[in-house]
Amino acid sequence: MASACFAATSVHAQMGTPDADTWKLELSVGAVRGTQSFFKGVLLQSRTDPLIGIELARGRWFASTLNGVGYLLADSPTVSVGVSANYMLGRKESREARYRGLGDVDGSVAANGFFEWRPVKDAVTVYGNVLTATRSQNGTLATLGATVGLPVTPKLSAFVDVYLNWADSRYVKAYYGVSATQSVASGYASYAPKGGFLSSTPSVGLDYEVDKHWHTSGFVGATKLAGLAANSPVVTTRSQPVAAVLVTYKY
């Protein structure tokens, strides 16, 4: 799920027509601020962490920090569709003061299905994924987003990205709910939300092409929780800033 912030940099797979004999590597390093962290799990208050994004692909097979380990069912300059084994982040009570008394939520291996549709090459990308945890209590999280790129100079482009998250009731209860037992331990009122629209994250950014192998990019935005998450007694702020600065190498 940290991949959501990573996707907003407009560094999507976009692997084009697969070549069974060619290895492809994409490596991104930098810093990202958000509420989803490989190091800390799901957070209520956004934090800044180092980010390392890796994608290695050969033919239709790939391994990446964004989509896990999987296979592209379809891949062309216009459309990519794939399935993978991925990871759904957990939550650590020790990472947030407001989680005290609620206990940990263990992370889980998850089945992932994803797509990218590029109706206008290098200008418009529509993307989405559905992540379903193998631990049934972690539930299902779905994302749908779009990136629009705008050329500024031959090497510099701006982009606007917006993605929306939906979750089922198991996911929302696990990460934002308060059971009767947790209520006694934490002092929060019990809260058993249903599934539905979870959050939106609009952002704007810049991408600079140094050469055919190197890019630098960055974005700023905010994650805004919808009512079913924002109304949780654990949550104090509906909006949290997100941002990233990355250097990307493609081979």
# chains A, B, ... in the order shown; residues from 1 in each chain; ligands from 1

$ closest_atom_pairs --of "stretch 95-136 of chain A" --to "stretch 185-195 of chain A" --cutoff "7 Å" --atoms "only C-alpha atoms" --output "JSON lines"
{"residue": "A:Arg100", "atom": "CA", "partner": "A:Ser186", "partner_atom": "CA", "distance": 6.3}
{"residue": "A:Gly101", "atom": "CA", "partner": "A:Ser186", "partner_atom": "CA", "distance": 4.2}
{"residue": "A:Leu102", "atom": "CA", "partner": "A:Ser186", "partner_atom": "CA", "distance": 6.3}

$ residues_around --residues "A:Ser94" --least-positions-apart "2" --cutoff "12 Å" --atoms "only C-alpha atoms" --output "PyMOL selection string"
chain A and resi 40-43+91-92+96-105

$ write_last_selection --atoms "C-alpha atoms" --output "PDB file, in the first residue's frame"
ATOM      1  CA  LYS A  40       5.807   1.398  10.037  1.00  0.00           C
ATOM      2  CA  GLY A  41       2.627   0.008   8.470  1.00  0.00           C
ATOM      3  CA  VAL A  42      -0.671   1.920   8.376  1.00  0.00           C
ATOM      4  CA  LEU A  43      -0.426   5.268  10.180  1.00  0.00           C
ATOM      5  CA  ARG A  91      -0.483  -1.846  11.957  1.00  0.00           C
ATOM      6  CA  LYS A  92       1.714  -1.672  15.046  1.00  0.00           C
ATOM      7  CA  GLU A  96       1.072   5.582  17.088  1.00  0.00           C
ATOM      8  CA  ALA A  97       0.060   6.922  20.488  1.00  0.00           C
ATOM      9  CA  ARG A  98      -3.599   6.727  19.489  1.00  0.00           C
ATOM     10  CA  TYR A  99      -3.312   2.999  18.718  1.00  0.00           C
ATOM     11  CA  ARG A 100      -2.535   2.167  22.353  1.00  0.00           C
ATOM     12  CA  GLY A 101      -4.971  -0.346  23.730  1.00  0.00           C
ATOM     13  CA  LEU A 102      -6.065  -1.453  20.256  1.00  0.00           C
ATOM     14  CA  GLY A 103      -3.361  -4.065  19.676  1.00  0.00           C
ATOM     15  CA  ASP A 104      -1.500  -4.864  16.474  1.00  0.00           C
ATOM     16  CA  VAL A 105      -2.937  -5.777  13.091  1.00  0.00           C
TER      17      VAL A 105
END

$ closest_atom_pairs --of "stretch 153-227 of chain A" --to "stretch 126-147 of chain A" --cutoff "6 Å" --atoms "only C-alpha atoms" --output "tab-separated table"
residue	atom	partner	partner_atom	distance
A:Val160	CA	A:Thr147	CA	5.6
A:Asp161	CA	A:Thr147	CA	4.3
A:Val162	CA	A:Gly145	CA	5.4
A:Tyr163	CA	A:Gly145	CA	3.7
A:Leu164	CA	A:Leu144	CA	5.4
A:Asn165	CA	A:Thr143	CA	4.6
A:Trp166	CA	A:Ala142	CA	5.1
A:Ala167	CA	A:Leu141	CA	4.5
A:Asp168	CA	A:Thr140	CA	5.6
A:Arg170	CA	A:Gly139	CA	4.7
A:Tyr171	CA	A:Gly139	CA	4.4

$ closest_residue --among "A:Ser239, A:Thr223, A:Asn231, A:Ser217" --to "A:Gln36" --atoms "only C-alpha atoms"
A:Thr223

$ residues_around --residues "A:Gly149" --least-positions-apart "5" --cutoff "10 Å" --atoms "only C-alpha atoms" --output "PDB file with N, CA and C atoms, in the first residue's frame"
ATOM      1  N   SER A  10       3.861   9.088 -11.003  1.00  0.00           N
ATOM      2  CA  SER A  10       3.701   8.788 -12.423  1.00  0.00           C
ATOM      3  C   SER A  10       4.751   7.797 -12.924  1.00  0.00           C
ATOM      4  N   VAL A 120      -3.868   8.081 -23.752  1.00  0.00           N
ATOM      5  CA  VAL A 120      -3.021   9.076 -24.422  1.00  0.00           C
ATOM      6  C   VAL A 120      -1.591   8.844 -23.943  1.00  0.00           C
ATOM      7  N   LYS A 121      -0.729   8.354 -24.823  1.00  0.00           N
ATOM      8  CA  LYS A 121       0.622   7.971 -24.451  1.00  0.00           C
ATOM      9  C   LYS A 121       1.366   9.129 -23.800  1.00  0.00           C
ATOM     10  N   ASP A 122       2.014   8.833 -22.653  1.00  0.00           N
ATOM     11  CA  ASP A 122       2.825   9.796 -21.912  1.00  0.00           C
ATOM     12  C   ASP A 122       2.022  10.982 -21.386  1.00  0.00           C
ATOM     13  N   ALA A 123       0.685  10.930 -21.475  1.00  0.00           N
ATOM     14  CA  ALA A 123      -0.122  12.062 -21.020  1.00  0.00           C
ATOM     15  C   ALA A 123      -1.219  11.657 -20.043  1.00  0.00           C
ATOM     16  N   VAL A 124      -1.894  10.533 -20.288  1.00  0.00           N
ATOM     17  CA  VAL A 124      -3.004  10.120 -19.430  1.00  0.00           C
ATOM     18  C   VAL A 124      -2.851   8.640 -19.087  1.00  0.00           C
ATOM     19  N   THR A 125      -2.886   8.329 -17.803  1.00  0.00           N
ATOM     20  CA  THR A 125      -2.874   6.948 -17.331  1.00  0.00           C
ATOM     21  C   THR A 125      -3.990   6.770 -16.319  1.00  0.00           C
ATOM     22  N   SER A 157       8.142  17.727 -17.288  1.00  0.00           N
ATOM     23  CA  SER A 157       6.688  17.642 -17.368  1.00  0.00           C
ATOM     24  C   SER A 157       6.079  17.762 -15.982  1.00  0.00           C
ATOM     25  N   ALA A 158       4.895  18.329 -15.937  1.00  0.00           N
ATOM     26  CA  ALA A 158       4.114  18.385 -14.699  1.00  0.00           C
ATOM     27  C   ALA A 158       3.040  17.313 -14.769  1.00  0.00           C
ATOM     28  N   PHE A 159       2.554  16.881 -13.620  1.00  0.00           N
ATOM     29  CA  PHE A 159       1.463  15.915 -13.626  1.00  0.00           C
ATOM     30  C   PHE A 159       0.528  16.163 -12.447  1.00  0.00           C
ATOM     31  N   VAL A 160      -0.707  15.784 -12.671  1.00  0.00           N
ATOM     32  CA  VAL A 160      -1.734  15.802 -11.633  1.00  0.00           C
ATOM     33  C   VAL A 160      -2.202  14.370 -11.450  1.00  0.00           C
ATOM     34  N   ASP A 161      -2.256  13.919 -10.204  1.00  0.00           N
ATOM     35  CA  ASP A 161      -2.671  12.550  -9.921  1.00  0.00           C
ATOM     36  C   ASP A 161      -3.751  12.561  -8.838  1.00  0.00           C
ATOM     37  N   VAL A 204       0.009  16.914  -6.972  1.00  0.00           N
ATOM     38  CA  VAL A 204       0.603  17.508  -8.171  1.00  0.00           C
ATOM     39  C   VAL A 204       2.104  17.319  -8.080  1.00  0.00           C
ATOM     40  N   GLY A 205       2.768  17.201  -9.241  1.00  0.00           N
ATOM     41  CA  GLY A 205       4.196  16.959  -9.199  1.00  0.00           C
ATOM     42  C   GLY A 205       4.899  17.312 -10.485  1.00  0.00           C
ATOM     43  N   LEU A 206       6.207  17.065 -10.483  1.00  0.00           N
ATOM     44  CA  LEU A 206       7.066  17.330 -11.632  1.00  0.00           C
ATOM     45  C   LEU A 206       7.943  16.111 -11.896  1.00  0.00           C
ATOM     46  N   ASP A 207       8.235  15.879 -13.168  1.00  0.00           N
ATOM     47  CA  ASP A 207       9.136  14.807 -13.559  1.00  0.00           C
ATOM     48  C   ASP A 207      10.133  15.373 -14.568  1.00  0.00           C
TER      49      ASP A 207
END

$ atom_distance --atom1 "atom CA of A:Gly196" --atom2 "atom CA of A:Arg95"
25.9 Å

$ atom_distance --atom1 "atom CA of A:Val148" --atom2 "atom CA of A:Ala85"
28.3 Å

$ select_by_dssp --residues "stretch 72-191 of chain A" --states "helix (DSSP H, G or I)" --output "list in words"
Glu93, Ser94, Arg95, Ala97, Arg98, Tyr99, Ser136, Gln137, Asn138, Ser169, Arg170, Tyr171, Val172, Lys173, Ala174, Tyr175, Tyr176, Ala180, Thr181, Gln182, Ser183, Val184, Ala185 and Ser186 of chain A

$ closest_residue --among "A:Asp211, A:Asp49, A:Glu55, A:Glu93" --to "A:Trp23" --atoms "only C-alpha atoms"
A:Glu55

$ atom_distance --atom1 "atom CA of A:Ser64" --atom2 "atom CA of A:Phe114"
13.0 Å

$ select_by_dssp --residues "stretch 83-244 of chain A" --states "strand (DSSP E or B)" --output "ChimeraX atom specification"
/A:83-88,91,105,108-120,124-133,140-151,156-167,178,191,196-209,214-225,239-244

$ decode --residues "stretch 208-237 of chain A" --atoms "N, CA and C atoms" --output "short mmCIF file (atom, residue, chain, number, x, y, z; two decimals), in the first residue's frame"
data_model
loop_
_atom_site.label_atom_id
_atom_site.label_comp_id
_atom_site.auth_asym_id
_atom_site.auth_seq_id
_atom_site.Cartn_x
_atom_site.Cartn_y
_atom_site.Cartn_z
N TYR A 208 11.43 15.14 -14.31
CA TYR A 208 12.48 15.66 -15.20
C TYR A 208 13.27 14.49 -15.77
N GLU A 209 13.35 14.42 -17.08
CA GLU A 209 14.10 13.37 -17.77
C GLU A 209 15.54 13.84 -17.97
N VAL A 210 16.44 13.28 -17.19
CA VAL A 210 17.86 13.63 -17.31
C VAL A 210 18.41 13.06 -18.62
N ASP A 211 18.15 11.76 -18.85
CA ASP A 211 18.47 11.11 -20.12
C ASP A 211 17.56 9.88 -20.23
N LYS A 212 17.85 8.99 -21.19
CA LYS A 212 16.93 7.87 -21.41
C LYS A 212 16.90 6.88 -20.25
N HIS A 213 17.88 6.96 -19.36
CA HIS A 213 17.93 6.05 -18.22
C HIS A 213 17.51 6.70 -16.89
N TRP A 214 17.73 7.99 -16.74
CA TRP A 214 17.56 8.65 -15.45
C TRP A 214 16.41 9.66 -15.46
N HIS A 215 15.60 9.61 -14.39
CA HIS A 215 14.54 10.60 -14.16
C HIS A 215 14.62 11.07 -12.72
N THR A 216 14.21 12.29 -12.47
CA THR A 216 13.96 12.75 -11.11
C THR A 216 12.51 13.23 -11.06
N SER A 217 11.85 13.00 -9.95
CA SER A 217 10.45 13.38 -9.84
C SER A 217 10.09 13.68 -8.40
N GLY A 218 8.97 14.35 -8.22
CA GLY A 218 8.48 14.65 -6.88
C GLY A 218 7.04 15.11 -6.95
N PHE A 219 6.35 15.01 -5.83
CA PHE A 219 4.97 15.46 -5.77
C PHE A 219 4.62 15.91 -4.36
N VAL A 220 3.54 16.68 -4.24
CA VAL A 220 2.96 17.06 -2.96
C VAL A 220 1.45 16.89 -3.08
N GLY A 221 0.81 16.53 -1.98
CA GLY A 221 -0.64 16.36 -1.99
C GLY A 221 -1.15 16.10 -0.59
N ALA A 222 -2.32 15.49 -0.50
CA ALA A 222 -2.92 15.20 0.80
C ALA A 222 -3.84 13.99 0.69
N THR A 223 -3.83 13.15 1.72
CA THR A 223 -4.80 12.07 1.83
C THR A 223 -5.95 12.53 2.72
N LYS A 224 -7.16 12.44 2.20
CA LYS A 224 -8.34 12.90 2.92
C LYS A 224 -9.25 11.72 3.21
N LEU A 225 -9.47 11.44 4.49
CA LEU A 225 -10.30 10.32 4.89
C LEU A 225 -11.77 10.64 4.71
N ALA A 226 -12.52 9.66 4.19
CA ALA A 226 -13.97 9.80 4.08
C ALA A 226 -14.61 9.51 5.44
N GLY A 227 -15.91 9.68 5.52
CA GLY A 227 -16.62 9.61 6.79
C GLY A 227 -16.44 8.33 7.56
N LEU A 228 -16.47 7.17 6.88
CA LEU A 228 -16.44 5.92 7.63
C LEU A 228 -15.11 5.73 8.36
N ALA A 229 -14.00 6.31 7.84
CA ALA A 229 -12.73 6.28 8.54
C ALA A 229 -12.56 7.50 9.44
N ALA A 230 -12.94 8.67 8.92
CA ALA A 230 -12.77 9.92 9.67
C ALA A 230 -13.61 9.94 10.93
N ASN A 231 -14.73 9.22 10.97
CA ASN A 231 -15.60 9.20 12.13
C ASN A 231 -15.13 8.24 13.23
N SER A 232 -14.05 7.51 12.95
CA SER A 232 -13.50 6.61 13.96
C SER A 232 -13.02 7.41 15.17
N PRO A 233 -13.26 6.94 16.39
CA PRO A 233 -12.76 7.66 17.57
C PRO A 233 -11.25 7.69 17.65
N VAL A 234 -10.59 6.83 16.87
CA VAL A 234 -9.12 6.81 16.86
C VAL A 234 -8.55 7.98 16.06
N VAL A 235 -9.30 8.48 15.08
CA VAL A 235 -8.82 9.49 14.15
C VAL A 235 -9.08 10.89 14.69
N THR A 236 -8.09 11.75 14.59
CA THR A 236 -8.24 13.14 15.03
C THR A 236 -8.22 14.13 13.87
N THR A 237 -7.62 13.75 12.73
CA THR A 237 -7.49 14.66 11.60
C THR A 237 -7.92 13.95 10.33
#
